[in-house]
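Visitor: Quick one: the structure is below, questions incoming.
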Amino acid sequence: MDFVQTNIDGLLAGSAYALLALGFSLVFGIMRQINLAYGSSLLVGAALAVWLEPILGLGVVGLFLLTVVACVLAGLYVERLCFAPNRGKTGATVPMIASFAIWMQLDEVSSHLLPSRTHNFPGLEIPPMFFGDLYLRGDQIVQFVVAFTSIAALYYLIYKTRFGLLLRATAGNAETAFLLGAPTGRLRLMTFLLAGLLGGISTFLILSADGQVTPLFGLWSTFKGLIAMMIGGVGSLPGAVIGGLLLGLIEAHSSTQFGAEYRDITTFGILFLILIIRPGGIMGVSAYQTGRLAQERI
Amino acid sequence: MSVYVASILTNMALISFLALSAYLVLVVGVVSFGQQAFFGVGAYVTATVTSIYGGHAVTGVFIGMLSGAACALVLAILTARLSGLYFAISTLCFAELCRLGLLQVRAPFNIDGRTTGPDGPEGFSNIRWIFEHNYSVQDFLVLTTVCLVALLGLLFLLERSRIMLRARLVGQDSILAQSLGLRPILYRIVFVTLSGGVAGFGGGLFALFNTYIEPNMFGVMLGVHGLAYAVIGGLGAPIGPLIGVAIDIGLLESIRAISAYRMIAFGGLVALLLILLPQGLISPRFVERMRRWRKLFHA
Amino acid sequence: MLSINNLETSYGLIKALKGVSLDAAEGEVTCILGPNGAGKTTLMFTLSGIIEPDAGSIDFFGTSLTGLAAPKVLREGLALVPENRLVFPLMSVRENLLAGAYTRNRSDKDEVEADIEKMFARFPVLKERQEQNAGTLSGGEQQMLALARALMSRPKMLLLDEPSVGLAPVIVNEVFAIIKQLKEDGLSIVLVEQNVVKALEVADHFYLLDQGRVTFAGTPGEMENDDVIKRAYLGGG
């Protein structure tokens, strides 16, 4: 039963990681860019929401909306400053470097908004459920459900709409898509906003389950998202979901087996091994698809 | 010179080693988020040699440098097949593994009634070599500056060599370099190893200066800062990263109104600068133009 | 009618087009020949709005296309079938065709569906493979798909960049048969080709491009002279 419990815990946590990984994968898969400011933009969004909420007094649902909106706006800021002006000129590396400068910037903005080591983030006050010996935290179940609903909505958007067709065409070959009339600039903006939306949802779910927001969330979410994306296969959307869930499972199992101390070492160790042995991740993303990034330079 | 000013200048000099190590990797055309690991390794090794084994600071720092280089060499070889993005993420992984590993290393020693030695998250305290040998802060600043200048001198000489020209070509256009018979991976391995040595050296000095080190000092943000200094300062010449350090720690820190918001200002500055000057202030193109000017004057 | 006047374009640091002037009449197949590096693909990219020209003008049925970006050029009715096909490998054949119709109005959905059926009628092999991922198609099939995709935008004129490259001779014949059919149906075509023999079979007019300049213009009938063919293959002279 312990084994099943660990798996459940892992999958529940992994659903949030999947959303984070999707945020990275959307931007990389469609625009071939790495947004290193993603995690910090989510932290800033959360910080803004927590800072504003008492002033507006909107309760938990209001906080959810605030968080999502703030994360989307933060993503807009990053896109406008780092990715829109540098398009095409010098490849993918310069915008990535600009984005890590903004990572540093947004981290400090957050620490000014939330100066203490930890701030209260209201939870969803849902009682846990018991199935025989299995223990399921109520808010984590909500997290799982919301995450999967979002993923399902994303799936519909990407595979069943005209807009999604355009995104996939741009992911396939941006130049040809441009030839066929795809408005690349607008698409990039929309991709970032979409990533911000998913990230905002994920941020709210994670922080409310945790009950607090700390300044370390920016770095933490960046790591989780990147690692989950790489495990699943960089730029692949199904890979992001699988990678997220797997990461959750790996963490849960290594916590159980080796103790919480070794959880992070296990995670990074596995990622390092994957990079050396099978960099394409689970979905086996081929070098050709990421070929342009292989030839990137400053 | 007051102790306060000397401290700041010493810190600037120490982080310049890290910035220069990021620069050496960028020159070869890859991005590394892991230089802080080599810095940290150098710090821990130097601390061990001087505090536990009673070695001289020079020996300590030297061995620290070699350790940093060795780690870098291992990483470079393991990741030889990886390109651009994958390499960058693997450096991040490697650095975090080093940091997390150090958090687990607990080997405290009791020397002269004081606890020293690596003690996991409690850190490595009582690295007392400079106290025991009566080095003041100002003395140490002189020492560090001399080392930094010597390094700059070596790098300056390296700039003119064929190795550097080829390395820059590999960094510029790896495909073109291959078509000219160069093997980019060799240059990457060499320069990453060199960068590890430079970072390790700086880390060793850092340990001696700070007298206390802990694994969490060598996290990703430290490396990201070093990278930012190299990028904003420019990749054209070794002085570039130092300019980046000077802008952040020198300029922005000294302007009272900004210093509380230093990272906000600096981060924004880097992003804005990259829009106008994607290769930094002292860019390779700028250096080329300077060289042509000098030739004009001498002709 | 497409009228290009003194077009100059740089590709990176190299000046690829150094003042190209040519006309492509309505309802005709205009062929552009020339050796590798002559600037043929740069010309195609400039016309279709992927690269901005440094100087010169492009006039298309009375509208100036000079400096317009690709989406706008496509809306004016000029479609490019790029060299190497460039289908979207992870999307199905049907989705590739839909992508080609992107610039048409949302309200035209039924007409777009009707057009897809027309494409299937013209290219039966695409109908067979309509749900397959385009990356699994053979070279010749991908060429059909790229053609059909461009046709989905109902262009007034088609730019074809080296449709025969990498294809077996039997397939090349099929492709050129289709080109002939399209011309008979009234479509204007600008064809860039290395395969001089096949190109001259369908061309009404041709131009020779060499090192960024037009060096010869004429009709296939005027091509009795072997010299011209030599120039097309080897350049210089």
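In the structure tokens, chains take letters A, B, ... by order of appearance, with residues numbered from 1 within each chain and ligands from 1 in the order shown.
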If we count only C-alpha atoms and set the cut-off at 6 Å, which residues sit around segment 72-85 of chain C, ignoring sequence neighbours fewer than 3 positions away in its own chain? Please answer as an mmCIF file with N, CA and C atoms, in the first residue's frame.
Guide:
```cif
data_model
loop_
_atom_site.group_PDB
_atom_site.id
_atom_site.type_symbol
_atom_site.label_atom_id
_atom_site.label_comp_id
_atom_site.auth_asym_id
_atom_site.auth_seq_id
_atom_site.Cartn_x
_atom_site.Cartn_y
_atom_site.Cartn_z
ATOM 1 N N ALA C 69 5.805 42.014 -46.241
ATOM 2 C CA ALA C 69 6.184 40.757 -45.610
ATOM 3 C C ALA C 69 5.336 39.617 -46.170
ATOM 4 N N GLN C 143 6.346 16.690 -52.677
ATOM 5 C CA GLN C 143 6.317 17.776 -53.656
ATOM 6 C C GLN C 143 4.877 18.077 -54.062
ATOM 7 N N ALA C 146 3.329 19.948 -51.193
ATOM 8 C CA ALA C 146 3.754 21.346 -51.124
ATOM 9 C C ALA C 146 3.055 22.176 -52.193
ATOM 10 N N ALA C 150 0.248 25.178 -51.502
ATOM 11 C CA ALA C 150 0.335 26.540 -52.045
ATOM 12 C C ALA C 150 -0.926 26.888 -52.815
ATOM 13 N N PRO C 155 -3.869 31.180 -55.332
ATOM 14 C CA PRO C 155 -2.994 32.259 -55.791
ATOM 15 C C PRO C 155 -3.270 32.633 -57.241
ATOM 16 N N LYS C 156 -2.881 33.865 -57.579
ATOM 17 C CA LYS C 156 -2.929 34.283 -58.974
ATOM 18 C C LYS C 156 -1.691 33.783 -59.700
ATOM 19 N N MET C 157 -0.575 33.703 -58.923
ATOM 20 C CA MET C 157 0.675 33.263 -59.531
ATOM 21 C C MET C 157 1.432 32.390 -58.537
ATOM 22 N N LEU C 158 2.062 31.359 -59.079
ATOM 23 C CA LEU C 158 2.785 30.412 -58.246
ATOM 24 C C LEU C 158 4.288 30.562 -58.484
ATOM 25 N N LEU C 159 5.065 30.612 -57.402
ATOM 26 C CA LEU C 159 6.526 30.594 -57.531
ATOM 27 C C LEU C 159 6.978 29.189 -57.156
ATOM 28 N N LEU C 160 7.648 28.506 -58.094
ATOM 29 C CA LEU C 160 8.082 27.138 -57.840
ATOM 30 C C LEU C 160 9.602 27.100 -57.782
ATOM 31 N N ASP C 161 10.160 26.786 -56.606
ATOM 32 C CA ASP C 161 11.621 26.776 -56.483
ATOM 33 C C ASP C 161 12.142 25.348 -56.573
ATOM 34 N N GLU C 162 12.737 25.034 -57.722
ATOM 35 C CA GLU C 162 13.389 23.744 -57.965
ATOM 36 C C GLU C 162 12.529 22.554 -57.553
#
```
Visitor: Could you pull out all residues of segment 8-158 of chain A with a DSSP call of helix (DSSP H, G or I) and give them as a ChimeraX atom specification?
Guide: /A:8-31,38-56,59-83,93-113,138-158
Visitor: Could I get the residues of chain B with an atom no further than 9 Å from an atom of chain A, each paired with its nearest atom pair and that distance in Å to one decimal, using only C-alpha atoms, sorted by chain and residue number, as a Markdown table?
Guide:
```
| residue | atom | partner | partner_atom | distance |
| --- | --- | --- | --- | --- |
| B:Leu26 | CA | A:Ile298 | CA | 7.6 |
| B:Val27 | CA | A:Ile298 | CA | 8.6 |
| B:Val28 | CA | A:Arg297 | CA | 8.7 |
| B:Gly29 | CA | A:Arg297 | CA | 5.1 |
| B:Val30 | CA | A:Arg297 | CA | 6.6 |
| B:Val31 | CA | A:Thr93 | CA | 8.4 |
| B:Leu78 | CA | A:Ile276 | CA | 6.9 |
| B:Thr79 | CA | A:Ile276 | CA | 6.3 |
| B:Ala80 | CA | A:Ile276 | CA | 8.9 |
| B:Arg81 | CA | A:Ile276 | CA | 7.9 |
| B:Leu82 | CA | A:Ile276 | CA | 7.6 |
| B:Ser83 | CA | A:Ala294 | CA | 5.0 |
| B:Gly84 | CA | A:Ala294 | CA | 5.1 |
| B:Leu85 | CA | A:Leu293 | CA | 6.7 |
| B:Tyr86 | CA | A:Leu275 | CA | 6.9 |
| B:Phe87 | CA | A:Leu275 | CA | 8.4 |
| B:Ile89 | CA | A:Leu226 | CA | 8.3 |
| B:Ser90 | CA | A:Phe272 | CA | 6.1 |
| B:Thr91 | CA | A:Phe272 | CA | 8.9 |
| B:Cys93 | CA | A:Phe268 | CA | 5.6 |
| B:Phe94 | CA | A:Phe272 | CA | 7.1 |
| B:Glu96 | CA | A:Phe268 | CA | 7.3 |
| B:Leu97 | CA | A:Ile265 | CA | 6.1 |
| B:Leu100 | CA | A:Ile265 | CA | 6.3 |
| B:Gly101 | CA | A:Ile265 | CA | 7.5 |
| B:Gln104 | CA | A:Glu261 | CA | 8.8 |
| B:Gly171 | CA | A:Arg297 | CA | 6.4 |
| B:Gln172 | CA | A:Arg297 | CA | 6.3 |
| B:Asp173 | CA | A:Arg297 | CA | 7.4 |
| B:Ser174 | CA | A:Gln295 | CA | 7.1 |
| B:Ile175 | CA | A:Gln295 | CA | 7.9 |
| B:Val220 | CA | A:Leu219 | CA | 8.6 |
| B:Met221 | CA | A:Met104 | CA | 7.8 |
| B:Val224 | CA | A:Phe100 | CA | 7.3 |
| B:His225 | CA | A:Met104 | CA | 8.2 |
| B:Leu227 | CA | A:Ile97 | CA | 8.6 |
| B:Ala228 | CA | A:Ala101 | CA | 6.7 |
| B:Val231 | CA | A:Ile97 | CA | 8.0 |
| B:Tyr261 | CA | A:Glu108 | CA | 7.4 |
| B:Arg262 | CA | A:Glu108 | CA | 8.5 |
| B:Met263 | CA | A:Gln105 | CA | 5.2 |
| B:Ile264 | CA | A:Gln105 | CA | 4.2 |
| B:Ala265 | CA | A:Gln105 | CA | 7.3 |
| B:Phe266 | CA | A:Gln105 | CA | 7.3 |
| B:Gly267 | CA | A:Ala101 | CA | 4.5 |
| B:Gly268 | CA | A:Ile102 | CA | 6.3 |
| B:Leu269 | CA | A:Ala101 | CA | 8.4 |
| B:Val270 | CA | A:Ala101 | CA | 6.2 |
| B:Ala271 | CA | A:Ala98 | CA | 4.6 |
| B:Leu272 | CA | A:Leu81 | CA | 7.4 |
| B:Leu273 | CA | A:Ala98 | CA | 8.9 |
| B:Leu274 | CA | A:Ala98 | CA | 6.7 |
| B:Ile275 | CA | A:Asn86 | CA | 6.1 |
| B:Pro278 | CA | A:Val94 | CA | 6.6 |
| B:Gln279 | CA | A:Ile298 | CA | 7.1 |
```
Visitor: In segment 138-206 of chain C, what's strand (DSSP E) per DSSP? Answer as a PDB file with N, CA and C atoms, in the first residue's frame?
Guide:
```
ATOM      1  N   MET C 157      -0.575  33.703 -58.923  1.00  0.00           N
ATOM      2  CA  MET C 157       0.675  33.263 -59.531  1.00  0.00           C
ATOM      3  C   MET C 157       1.432  32.390 -58.537  1.00  0.00           C
ATOM      4  N   LEU C 158       2.062  31.359 -59.079  1.00  0.00           N
ATOM      5  CA  LEU C 158       2.785  30.412 -58.246  1.00  0.00           C
ATOM      6  C   LEU C 158       4.288  30.562 -58.484  1.00  0.00           C
ATOM      7  N   LEU C 159       5.065  30.612 -57.402  1.00  0.00           N
ATOM      8  CA  LEU C 159       6.526  30.594 -57.531  1.00  0.00           C
ATOM      9  C   LEU C 159       6.978  29.189 -57.156  1.00  0.00           C
ATOM     10  N   LEU C 160       7.648  28.506 -58.094  1.00  0.00           N
ATOM     11  CA  LEU C 160       8.082  27.138 -57.840  1.00  0.00           C
ATOM     12  C   LEU C 160       9.602  27.100 -57.782  1.00  0.00           C
ATOM     13  N   ASP C 161      10.160  26.786 -56.606  1.00  0.00           N
ATOM     14  CA  ASP C 161      11.621  26.776 -56.483  1.00  0.00           C
ATOM     15  C   ASP C 161      12.142  25.348 -56.573  1.00  0.00           C
ATOM     16  N   SER C 188      -0.707  31.383 -63.554  1.00  0.00           N
ATOM     17  CA  SER C 188       0.597  31.903 -63.976  1.00  0.00           C
ATOM     18  C   SER C 188       1.661  31.283 -63.075  1.00  0.00           C
ATOM     19  N   ILE C 189       2.772  30.912 -63.694  1.00  0.00           N
ATOM     20  CA  ILE C 189       3.799  30.213 -62.912  1.00  0.00           C
ATOM     21  C   ILE C 189       5.170  30.801 -63.191  1.00  0.00           C
ATOM     22  N   VAL C 190       5.953  31.022 -62.133  1.00  0.00           N
ATOM     23  CA  VAL C 190       7.371  31.335 -62.282  1.00  0.00           C
ATOM     24  C   VAL C 190       8.126  30.120 -61.767  1.00  0.00           C
ATOM     25  N   LEU C 191       8.910  29.529 -62.633  1.00  0.00           N
ATOM     26  CA  LEU C 191       9.565  28.265 -62.311  1.00  0.00           C
ATOM     27  C   LEU C 191      11.074  28.449 -62.257  1.00  0.00           C
ATOM     28  N   VAL C 192      11.659  28.104 -61.121  1.00  0.00           N
ATOM     29  CA  VAL C 192      13.123  28.116 -61.014  1.00  0.00           C
ATOM     30  C   VAL C 192      13.574  26.678 -61.129  1.00  0.00           C
ATOM     31  N   HIS C 205       8.558  31.597 -71.551  1.00  0.00           N
ATOM     32  CA  HIS C 205       9.698  32.500 -71.596  1.00  0.00           C
ATOM     33  C   HIS C 205      10.712  32.023 -70.577  1.00  0.00           C
ATOM     34  N   PHE C 206      11.958  32.377 -70.794  1.00  0.00           N
ATOM     35  CA  PHE C 206      12.915  32.053 -69.741  1.00  0.00           C
ATOM     36  C   PHE C 206      13.944  33.168 -69.577  1.00  0.00           C
TER      37      PHE C 206
END
```
Visitor: Return as a PyMOL selection string the residues belonging to chain C that are within 8 Å of chain A, counting only C-alpha atoms.
Guide: chain C and resi 48-50+70-72+74-75+80+86+88-91+95+99-103+150
Visitor: Write the residues of the selection above to a file with N, CA and C atoms, as a short mmCIF file (atom, residue, chain, number, x, y, z; two decimals), in the first residue's frame.
Guide:
```
data_model
loop_
_atom_site.label_atom_id
_atom_site.label_comp_id
_atom_site.auth_asym_id
_atom_site.auth_seq_id
_atom_site.Cartn_x
_atom_site.Cartn_y
_atom_site.Cartn_z
N SER C 48 8.62 36.56 -52.45
CA SER C 48 7.56 36.07 -51.57
C SER C 48 7.54 36.80 -50.24
N GLY C 49 8.45 37.72 -50.01
CA GLY C 49 8.37 38.57 -48.83
C GLY C 49 9.10 38.04 -47.61
N ILE C 50 9.99 37.06 -47.80
CA ILE C 50 10.75 36.56 -46.66
C ILE C 50 11.97 37.43 -46.41
N ALA C 70 5.84 38.40 -45.96
CA ALA C 70 5.22 37.22 -46.58
C ALA C 70 3.71 37.10 -46.41
N PRO C 71 3.18 37.29 -45.20
CA PRO C 71 1.72 37.14 -45.08
C PRO C 71 0.96 38.07 -46.03
N LYS C 72 1.46 39.31 -46.18
CA LYS C 72 0.76 40.25 -47.06
C LYS C 72 0.91 39.85 -48.52
N LEU C 74 1.24 36.92 -49.70
CA LEU C 74 0.36 35.78 -49.97
C LEU C 74 -1.07 36.25 -50.17
N ARG C 75 -1.47 37.22 -49.38
CA ARG C 75 -2.84 37.73 -49.52
C ARG C 75 -3.08 38.41 -50.85
N LEU C 80 4.50 30.85 -52.80
CA LEU C 80 5.78 30.19 -53.06
C LEU C 80 5.73 28.73 -52.64
N LEU C 86 9.62 21.47 -47.79
CA LEU C 86 9.32 22.04 -46.48
C LEU C 86 7.86 21.85 -46.08
N PHE C 88 5.18 20.36 -43.29
CA PHE C 88 5.26 20.25 -41.83
C PHE C 88 5.23 18.78 -41.48
N PRO C 89 6.37 18.25 -41.07
CA PRO C 89 6.48 16.79 -40.98
C PRO C 89 5.58 16.13 -39.95
N LEU C 90 5.27 16.86 -38.85
CA LEU C 90 4.49 16.20 -37.80
C LEU C 90 3.01 16.46 -37.91
N MET C 91 2.62 17.15 -38.98
CA MET C 91 1.19 17.38 -39.18
C MET C 91 0.71 16.49 -40.31
N GLU C 95 -3.90 18.43 -42.62
CA GLU C 95 -3.60 19.63 -41.82
C GLU C 95 -2.65 20.55 -42.57
N ALA C 99 -3.35 24.39 -43.47
CA ALA C 99 -2.41 25.47 -43.15
C ALA C 99 -2.23 26.38 -44.35
N GLY C 100 -2.25 25.77 -45.54
CA GLY C 100 -2.08 26.58 -46.74
C GLY C 100 -3.23 27.55 -46.94
N ALA C 101 -4.38 27.21 -46.39
CA ALA C 101 -5.55 28.06 -46.59
C ALA C 101 -5.70 29.10 -45.50
N TYR C 102 -4.66 29.24 -44.66
CA TYR C 102 -4.80 30.12 -43.49
C TYR C 102 -5.24 31.54 -43.85
N THR C 103 -4.70 32.09 -44.94
CA THR C 103 -4.97 33.49 -45.22
C THR C 103 -6.36 33.73 -45.78
N ALA C 150 0.25 25.18 -51.50
CA ALA C 150 0.34 26.54 -52.04
C ALA C 150 -0.93 26.89 -52.81
#
```
